[in-house]
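Report on one structure; see the data block that follows.
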Amino acid sequence: MATAGAIASTAMFLLVVLSASHMASSLRLGAGGLGVCRASGYLPGRSGNCEKSNDPDCCEDGKEYPQYRCSPPVTASTKAVLTLNSFEKGKDGGGPSECDNAYHSDAEKVVALSTGWFSNMARCGHQIKISANGNSVYAKVVDECDSVHGCDDEHNFEPPCDNNIVDASPAVWDALGLDQSVGMVDITWSEE
């Protein structure tokens with residue numbers, strides 16, 4: 001028969017293990033490391049007319065998509081994922097860019113940053129340096145890659161962005177010598 005002390009000790013051990021397991025499962029392993037930013041909620045998916053010029057992920061009815069109000073910390077070499085986006089009217093970028101309420105040619109080196117990095121328009125017009133595969137390019141921040149809202153017409157019926165996205169025009173991909181058909185590439189970026 002187990003003693004009360006042994007039972008209490010075992011119960012405490014299980015509580016610690018379960019607690020740590022729950023905490024670990026709620027932390028997201030992002031480009032910036034473990035636990036930097038976790039989902040603040042979930043958006044119920046709603047499908048619609050998703051323009052597919054750059055092979056975007058389109059929302060599915062009933063699927064839940066994580067929402068982020070934060071991004072990993074910005075460093076001298078911030079790890080991120082580069083995605084492909086057109087900022088032209090009628091393409092997969094949705095509405096006009098948030099910084100200047102304008103559309104931008106695919107030949108322009110422009111980007112949208114995840115909500116936390118966009119920082120309520122604080123980085124609008126800034127040049128950032130993007131590096132991948134030994135190449136670097138400067139691009140202008142013109143929009144937010146919305147990590148909170150999505151699955152609606154304004155967001156091309158695409159889910160919210162992850163918290164570590166630099167959504168770049170085809171000109172950025174070309175300048176880096178990247179294959180646009182890949183769609184996602186690990187990069188680093190910095191403010192210049």
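Chain labels follow the order of the structure tokens: the first chain is A, the next B, and so on; residue numbering restarts at 1 in every chain, and ligands are counted from 1 in their shown order.
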Which residues are near A:Asp174? Cut-off 12 Å, only C-alpha atoms, ignore same chain within fewer than 2 positions. Put them as a PyMOL selection string. chain A and resi 84+106-109+132+135-137+168-172+176-181
Can you build me a table of stretch 22-117 of chain A residues sitting at most 12 Å from stretch 145-157 of chain A, with the closest atom pair per residue and its distance in Å to one decimal, using only C-alpha atoms, sorted by chain and residue number, as JSON lines?
```
{"residue": "A:Cys37", "atom": "CA", "partner": "A:Ser147", "partner_atom": "CA", "distance": 11.7}
{"residue": "A:Arg38", "atom": "CA", "partner": "A:Ser147", "partner_atom": "CA", "distance": 11.5}
{"residue": "A:Ala39", "atom": "CA", "partner": "A:Val148", "partner_atom": "CA", "distance": 9.4}
{"residue": "A:Ser40", "atom": "CA", "partner": "A:Val148", "partner_atom": "CA", "distance": 8.6}
{"residue": "A:Gly41", "atom": "CA", "partner": "A:Val148", "partner_atom": "CA", "distance": 8.4}
{"residue": "A:Tyr42", "atom": "CA", "partner": "A:Val148", "partner_atom": "CA", "distance": 8.6}
{"residue": "A:Leu43", "atom": "CA", "partner": "A:His149", "partner_atom": "CA", "distance": 7.5}
{"residue": "A:Pro44", "atom": "CA", "partner": "A:Cys151", "partner_atom": "CA", "distance": 8.2}
{"residue": "A:Gly45", "atom": "CA", "partner": "A:Cys151", "partner_atom": "CA", "distance": 5.9}
{"residue": "A:Arg46", "atom": "CA", "partner": "A:Cys151", "partner_atom": "CA", "distance": 5.4}
{"residue": "A:Ser47", "atom": "CA", "partner": "A:Phe157", "partner_atom": "CA", "distance": 6.2}
{"residue": "A:Gly48", "atom": "CA", "partner": "A:Phe157", "partner_atom": "CA", "distance": 5.7}
{"residue": "A:Asn49", "atom": "CA", "partner": "A:Phe157", "partner_atom": "CA", "distance": 6.6}
{"residue": "A:Cys50", "atom": "CA", "partner": "A:Asn156", "partner_atom": "CA", "distance": 5.2}
{"residue": "A:Glu51", "atom": "CA", "partner": "A:Asn156", "partner_atom": "CA", "distance": 6.4}
{"residue": "A:Lys52", "atom": "CA", "partner": "A:Asn156", "partner_atom": "CA", "distance": 9.0}
{"residue": "A:Ser53", "atom": "CA", "partner": "A:Asn156", "partner_atom": "CA", "distance": 11.0}
{"residue": "A:Asn54", "atom": "CA", "partner": "A:Asn156", "partner_atom": "CA", "distance": 11.7}
{"residue": "A:Asp55", "atom": "CA", "partner": "A:Asn156", "partner_atom": "CA", "distance": 11.8}
{"residue": "A:Pro56", "atom": "CA", "partner": "A:Asn156", "partner_atom": "CA", "distance": 9.1}
{"residue": "A:Asp57", "atom": "CA", "partner": "A:Phe157", "partner_atom": "CA", "distance": 8.8}
{"residue": "A:Cys58", "atom": "CA", "partner": "A:Phe157", "partner_atom": "CA", "distance": 5.9}
{"residue": "A:Cys59", "atom": "CA", "partner": "A:Cys151", "partner_atom": "CA", "distance": 5.6}
{"residue": "A:Glu60", "atom": "CA", "partner": "A:Cys151", "partner_atom": "CA", "distance": 8.3}
{"residue": "A:Asp61", "atom": "CA", "partner": "A:Cys151", "partner_atom": "CA", "distance": 9.1}
{"residue": "A:Gly62", "atom": "CA", "partner": "A:Cys151", "partner_atom": "CA", "distance": 10.8}
{"residue": "A:Lys63", "atom": "CA", "partner": "A:Cys151", "partner_atom": "CA", "distance": 10.4}
{"residue": "A:Glu64", "atom": "CA", "partner": "A:Cys151", "partner_atom": "CA", "distance": 10.4}
{"residue": "A:Tyr65", "atom": "CA", "partner": "A:Gly150", "partner_atom": "CA", "distance": 9.0}
{"residue": "A:Pro66", "atom": "CA", "partner": "A:Val148", "partner_atom": "CA", "distance": 7.9}
{"residue": "A:Gln67", "atom": "CA", "partner": "A:Val148", "partner_atom": "CA", "distance": 4.6}
{"residue": "A:Tyr68", "atom": "CA", "partner": "A:Ser147", "partner_atom": "CA", "distance": 5.1}
{"residue": "A:Arg69", "atom": "CA", "partner": "A:Val148", "partner_atom": "CA", "distance": 6.4}
{"residue": "A:Cys70", "atom": "CA", "partner": "A:Ser147", "partner_atom": "CA", "distance": 8.3}
{"residue": "A:Ser71", "atom": "CA", "partner": "A:Ser147", "partner_atom": "CA", "distance": 9.1}
{"residue": "A:Val81", "atom": "CA", "partner": "A:Cys145", "partner_atom": "CA", "distance": 11.9}
{"residue": "A:Leu82", "atom": "CA", "partner": "A:Cys145", "partner_atom": "CA", "distance": 11.3}
{"residue": "A:Thr83", "atom": "CA", "partner": "A:Cys145", "partner_atom": "CA", "distance": 10.1}
{"residue": "A:Leu84", "atom": "CA", "partner": "A:Cys145", "partner_atom": "CA", "distance": 11.3}
{"residue": "A:Asn85", "atom": "CA", "partner": "A:Cys145", "partner_atom": "CA", "distance": 9.9}
{"residue": "A:Ser86", "atom": "CA", "partner": "A:Asn156", "partner_atom": "CA", "distance": 11.5}
{"residue": "A:Phe87", "atom": "CA", "partner": "A:Cys145", "partner_atom": "CA", "distance": 11.5}
{"residue": "A:Lys89", "atom": "CA", "partner": "A:Asn156", "partner_atom": "CA", "distance": 11.7}
{"residue": "A:Gly90", "atom": "CA", "partner": "A:Asn156", "partner_atom": "CA", "distance": 9.7}
{"residue": "A:Lys91", "atom": "CA", "partner": "A:Asn156", "partner_atom": "CA", "distance": 8.7}
{"residue": "A:Asp92", "atom": "CA", "partner": "A:Asn156", "partner_atom": "CA", "distance": 6.2}
{"residue": "A:Gly93", "atom": "CA", "partner": "A:Asn156", "partner_atom": "CA", "distance": 6.9}
{"residue": "A:Gly94", "atom": "CA", "partner": "A:Asn156", "partner_atom": "CA", "distance": 5.0}
{"residue": "A:Gly95", "atom": "CA", "partner": "A:Glu154", "partner_atom": "CA", "distance": 5.8}
{"residue": "A:Pro96", "atom": "CA", "partner": "A:Glu154", "partner_atom": "CA", "distance": 9.3}
{"residue": "A:Ser97", "atom": "CA", "partner": "A:Cys145", "partner_atom": "CA", "distance": 10.0}
{"residue": "A:Glu98", "atom": "CA", "partner": "A:Cys145", "partner_atom": "CA", "distance": 9.8}
{"residue": "A:Cys99", "atom": "CA", "partner": "A:Cys145", "partner_atom": "CA", "distance": 11.8}
{"residue": "A:Val111", "atom": "CA", "partner": "A:Cys145", "partner_atom": "CA", "distance": 8.7}
{"residue": "A:Ala112", "atom": "CA", "partner": "A:Cys145", "partner_atom": "CA", "distance": 5.1}
{"residue": "A:Leu113", "atom": "CA", "partner": "A:Cys145", "partner_atom": "CA", "distance": 5.1}
{"residue": "A:Ser114", "atom": "CA", "partner": "A:Cys145", "partner_atom": "CA", "distance": 4.6}
{"residue": "A:Thr115", "atom": "CA", "partner": "A:Ser147", "partner_atom": "CA", "distance": 5.3}
{"residue": "A:Gly116", "atom": "CA", "partner": "A:Ser147", "partner_atom": "CA", "distance": 8.0}
{"residue": "A:Trp117", "atom": "CA", "partner": "A:Cys145", "partner_atom": "CA", "distance": 9.3}
```
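Backbone DSSP assigns strand (DSSP E or B) in stretch 73-159 of chain A to Thr78, Lys79, Ala80, Val81, Leu82, Thr83, Leu84, Val110, Val111, Ala112, Leu113, Ser114, Gln127, Ile128, Lys129, Ile130, Ser131, Ala132, Asn135, Ser136, Val137, Tyr138, Ala139, Lys140, Val141, Val142, Asp143, Glu144 and Cys145 of chain A.
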Deliver the residues from the most recent selection as a file, using N, CA and C atoms, as a PDB file, in the first residue's frame.
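File produced: out.pdb:
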```pdb
ATOM      1  N   THR A  78      17.212  38.666 -38.635  1.00  0.00           N
ATOM      2  CA  THR A  78      15.959  38.033 -38.225  1.00  0.00           C
ATOM      3  C   THR A  78      15.587  36.891 -39.174  1.00  0.00           C
ATOM      4  N   LYS A  79      15.387  35.708 -38.621  1.00  0.00           N
ATOM      5  CA  LYS A  79      14.968  34.563 -39.433  1.00  0.00           C
ATOM      6  C   LYS A  79      13.498  34.714 -39.793  1.00  0.00           C
ATOM      7  N   ALA A  80      13.166  34.350 -41.043  1.00  0.00           N
ATOM      8  CA  ALA A  80      11.796  34.472 -41.529  1.00  0.00           C
ATOM      9  C   ALA A  80      11.578  33.496 -42.678  1.00  0.00           C
ATOM     10  N   VAL A  81      10.338  33.493 -43.162  1.00  0.00           N
ATOM     11  CA  VAL A  81       9.989  32.713 -44.343  1.00  0.00           C
ATOM     12  C   VAL A  81       9.537  33.697 -45.420  1.00  0.00           C
ATOM     13  N   LEU A  82      10.169  33.612 -46.573  1.00  0.00           N
ATOM     14  CA  LEU A  82       9.801  34.450 -47.709  1.00  0.00           C
ATOM     15  C   LEU A  82       8.698  33.754 -48.480  1.00  0.00           C
ATOM     16  N   THR A  83       7.613  34.473 -48.734  1.00  0.00           N
ATOM     17  CA  THR A  83       6.519  33.949 -49.560  1.00  0.00           C
ATOM     18  C   THR A  83       6.348  34.871 -50.760  1.00  0.00           C
ATOM     19  N   LEU A  84       5.693  34.372 -51.774  1.00  0.00           N
ATOM     20  CA  LEU A  84       5.504  35.104 -53.030  1.00  0.00           C
ATOM     21  C   LEU A  84       4.131  35.761 -53.057  1.00  0.00           C
ATOM     22  N   VAL A 110       9.096  45.173 -53.446  1.00  0.00           N
ATOM     23  CA  VAL A 110       8.267  45.554 -52.302  1.00  0.00           C
ATOM     24  C   VAL A 110       7.887  44.323 -51.495  1.00  0.00           C
ATOM     25  N   VAL A 111       7.584  44.545 -50.204  1.00  0.00           N
ATOM     26  CA  VAL A 111       7.221  43.444 -49.315  1.00  0.00           C
ATOM     27  C   VAL A 111       6.094  43.852 -48.369  1.00  0.00           C
ATOM     28  N   ALA A 112       5.465  42.823 -47.823  1.00  0.00           N
ATOM     29  CA  ALA A 112       4.530  42.956 -46.708  1.00  0.00           C
ATOM     30  C   ALA A 112       5.114  42.147 -45.555  1.00  0.00           C
ATOM     31  N   LEU A 113       5.040  42.695 -44.344  1.00  0.00           N
ATOM     32  CA  LEU A 113       5.559  42.013 -43.160  1.00  0.00           C
ATOM     33  C   LEU A 113       4.419  41.500 -42.293  1.00  0.00           C
ATOM     34  N   SER A 114       4.631  40.382 -41.600  1.00  0.00           N
ATOM     35  CA  SER A 114       3.656  39.862 -40.635  1.00  0.00           C
ATOM     36  C   SER A 114       3.255  40.967 -39.655  1.00  0.00           C
ATOM     37  N   GLN A 127      13.272  50.544 -45.951  1.00  0.00           N
ATOM     38  CA  GLN A 127      13.979  49.558 -46.761  1.00  0.00           C
ATOM     39  C   GLN A 127      14.470  48.464 -45.822  1.00  0.00           C
ATOM     40  N   ILE A 128      14.237  47.220 -46.182  1.00  0.00           N
ATOM     41  CA  ILE A 128      14.806  46.116 -45.411  1.00  0.00           C
ATOM     42  C   ILE A 128      15.728  45.331 -46.334  1.00  0.00           C
ATOM     43  N   LYS A 129      16.734  44.727 -45.732  1.00  0.00           N
ATOM     44  CA  LYS A 129      17.669  43.899 -46.483  1.00  0.00           C
ATOM     45  C   LYS A 129      17.267  42.447 -46.285  1.00  0.00           C
ATOM     46  N   ILE A 130      17.047  41.752 -47.396  1.00  0.00           N
ATOM     47  CA  ILE A 130      16.625  40.353 -47.373  1.00  0.00           C
ATOM     48  C   ILE A 130      17.776  39.519 -47.931  1.00  0.00           C
ATOM     49  N   SER A 131      18.138  38.449 -47.219  1.00  0.00           N
ATOM     50  CA  SER A 131      19.242  37.591 -47.650  1.00  0.00           C
ATOM     51  C   SER A 131      18.795  36.141 -47.734  1.00  0.00           C
ATOM     52  N   ALA A 132      19.218  35.483 -48.821  1.00  0.00           N
ATOM     53  CA  ALA A 132      18.928  34.057 -49.026  1.00  0.00           C
ATOM     54  C   ALA A 132      19.947  33.482 -49.990  1.00  0.00           C
ATOM     55  N   ASN A 135      22.743  35.567 -51.478  1.00  0.00           N
ATOM     56  CA  ASN A 135      22.376  36.802 -52.181  1.00  0.00           C
ATOM     57  C   ASN A 135      21.586  37.715 -51.261  1.00  0.00           C
ATOM     58  N   SER A 136      21.637  39.012 -51.539  1.00  0.00           N
ATOM     59  CA  SER A 136      20.872  39.991 -50.755  1.00  0.00           C
ATOM     60  C   SER A 136      20.214  40.999 -51.680  1.00  0.00           C
ATOM     61  N   VAL A 137      19.097  41.552 -51.209  1.00  0.00           N
ATOM     62  CA  VAL A 137      18.379  42.583 -51.959  1.00  0.00           C
ATOM     63  C   VAL A 137      17.687  43.502 -50.961  1.00  0.00           C
ATOM     64  N   TYR A 138      17.517  44.750 -51.352  1.00  0.00           N
ATOM     65  CA  TYR A 138      16.762  45.707 -50.541  1.00  0.00           C
ATOM     66  C   TYR A 138      15.357  45.807 -51.111  1.00  0.00           C
ATOM     67  N   ALA A 139      14.378  45.862 -50.221  1.00  0.00           N
ATOM     68  CA  ALA A 139      12.982  45.995 -50.643  1.00  0.00           C
ATOM     69  C   ALA A 139      12.267  46.956 -49.709  1.00  0.00           C
ATOM     70  N   LYS A 140      11.259  47.622 -50.227  1.00  0.00           N
ATOM     71  CA  LYS A 140      10.503  48.602 -49.453  1.00  0.00           C
ATOM     72  C   LYS A 140       9.266  47.957 -48.832  1.00  0.00           C
ATOM     73  N   VAL A 141       9.032  48.243 -47.550  1.00  0.00           N
ATOM     74  CA  VAL A 141       7.839  47.751 -46.859  1.00  0.00           C
ATOM     75  C   VAL A 141       6.654  48.623 -47.284  1.00  0.00           C
ATOM     76  N   VAL A 142       5.644  47.985 -47.889  1.00  0.00           N
ATOM     77  CA  VAL A 142       4.464  48.726 -48.344  1.00  0.00           C
ATOM     78  C   VAL A 142       3.159  48.196 -47.760  1.00  0.00           C
ATOM     79  N   ASP A 143       3.220  47.041 -47.080  1.00  0.00           N
ATOM     80  CA  ASP A 143       1.964  46.427 -46.643  1.00  0.00           C
ATOM     81  C   ASP A 143       2.197  45.509 -45.448  1.00  0.00           C
ATOM     82  N   GLU A 144       1.084  45.107 -44.864  1.00  0.00           N
ATOM     83  CA  GLU A 144       1.055  44.145 -43.772  1.00  0.00           C
ATOM     84  C   GLU A 144       0.613  42.802 -44.309  1.00  0.00           C
ATOM     85  N   CYS A 145       1.312  41.752 -43.937  1.00  0.00           N
ATOM     86  CA  CYS A 145       0.843  40.398 -44.189  1.00  0.00           C
ATOM     87  C   CYS A 145       0.040  40.046 -42.935  1.00  0.00           C
TER      88      CYS A 145
END
```
For A:Trp173, which residue among A:Glu88, A:Asn133, A:Ser77, A:Phe118 is the nearest when counting only C-alpha atoms?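 Closest residue, counting only C-alpha atoms: A:Asn133.
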What are the DSSP helix (DSSP H, G or I) residues of stretch 69-176 of chain A, as an MDAnalysis selection string? chainID A and resid 115:118 153:155 170:175
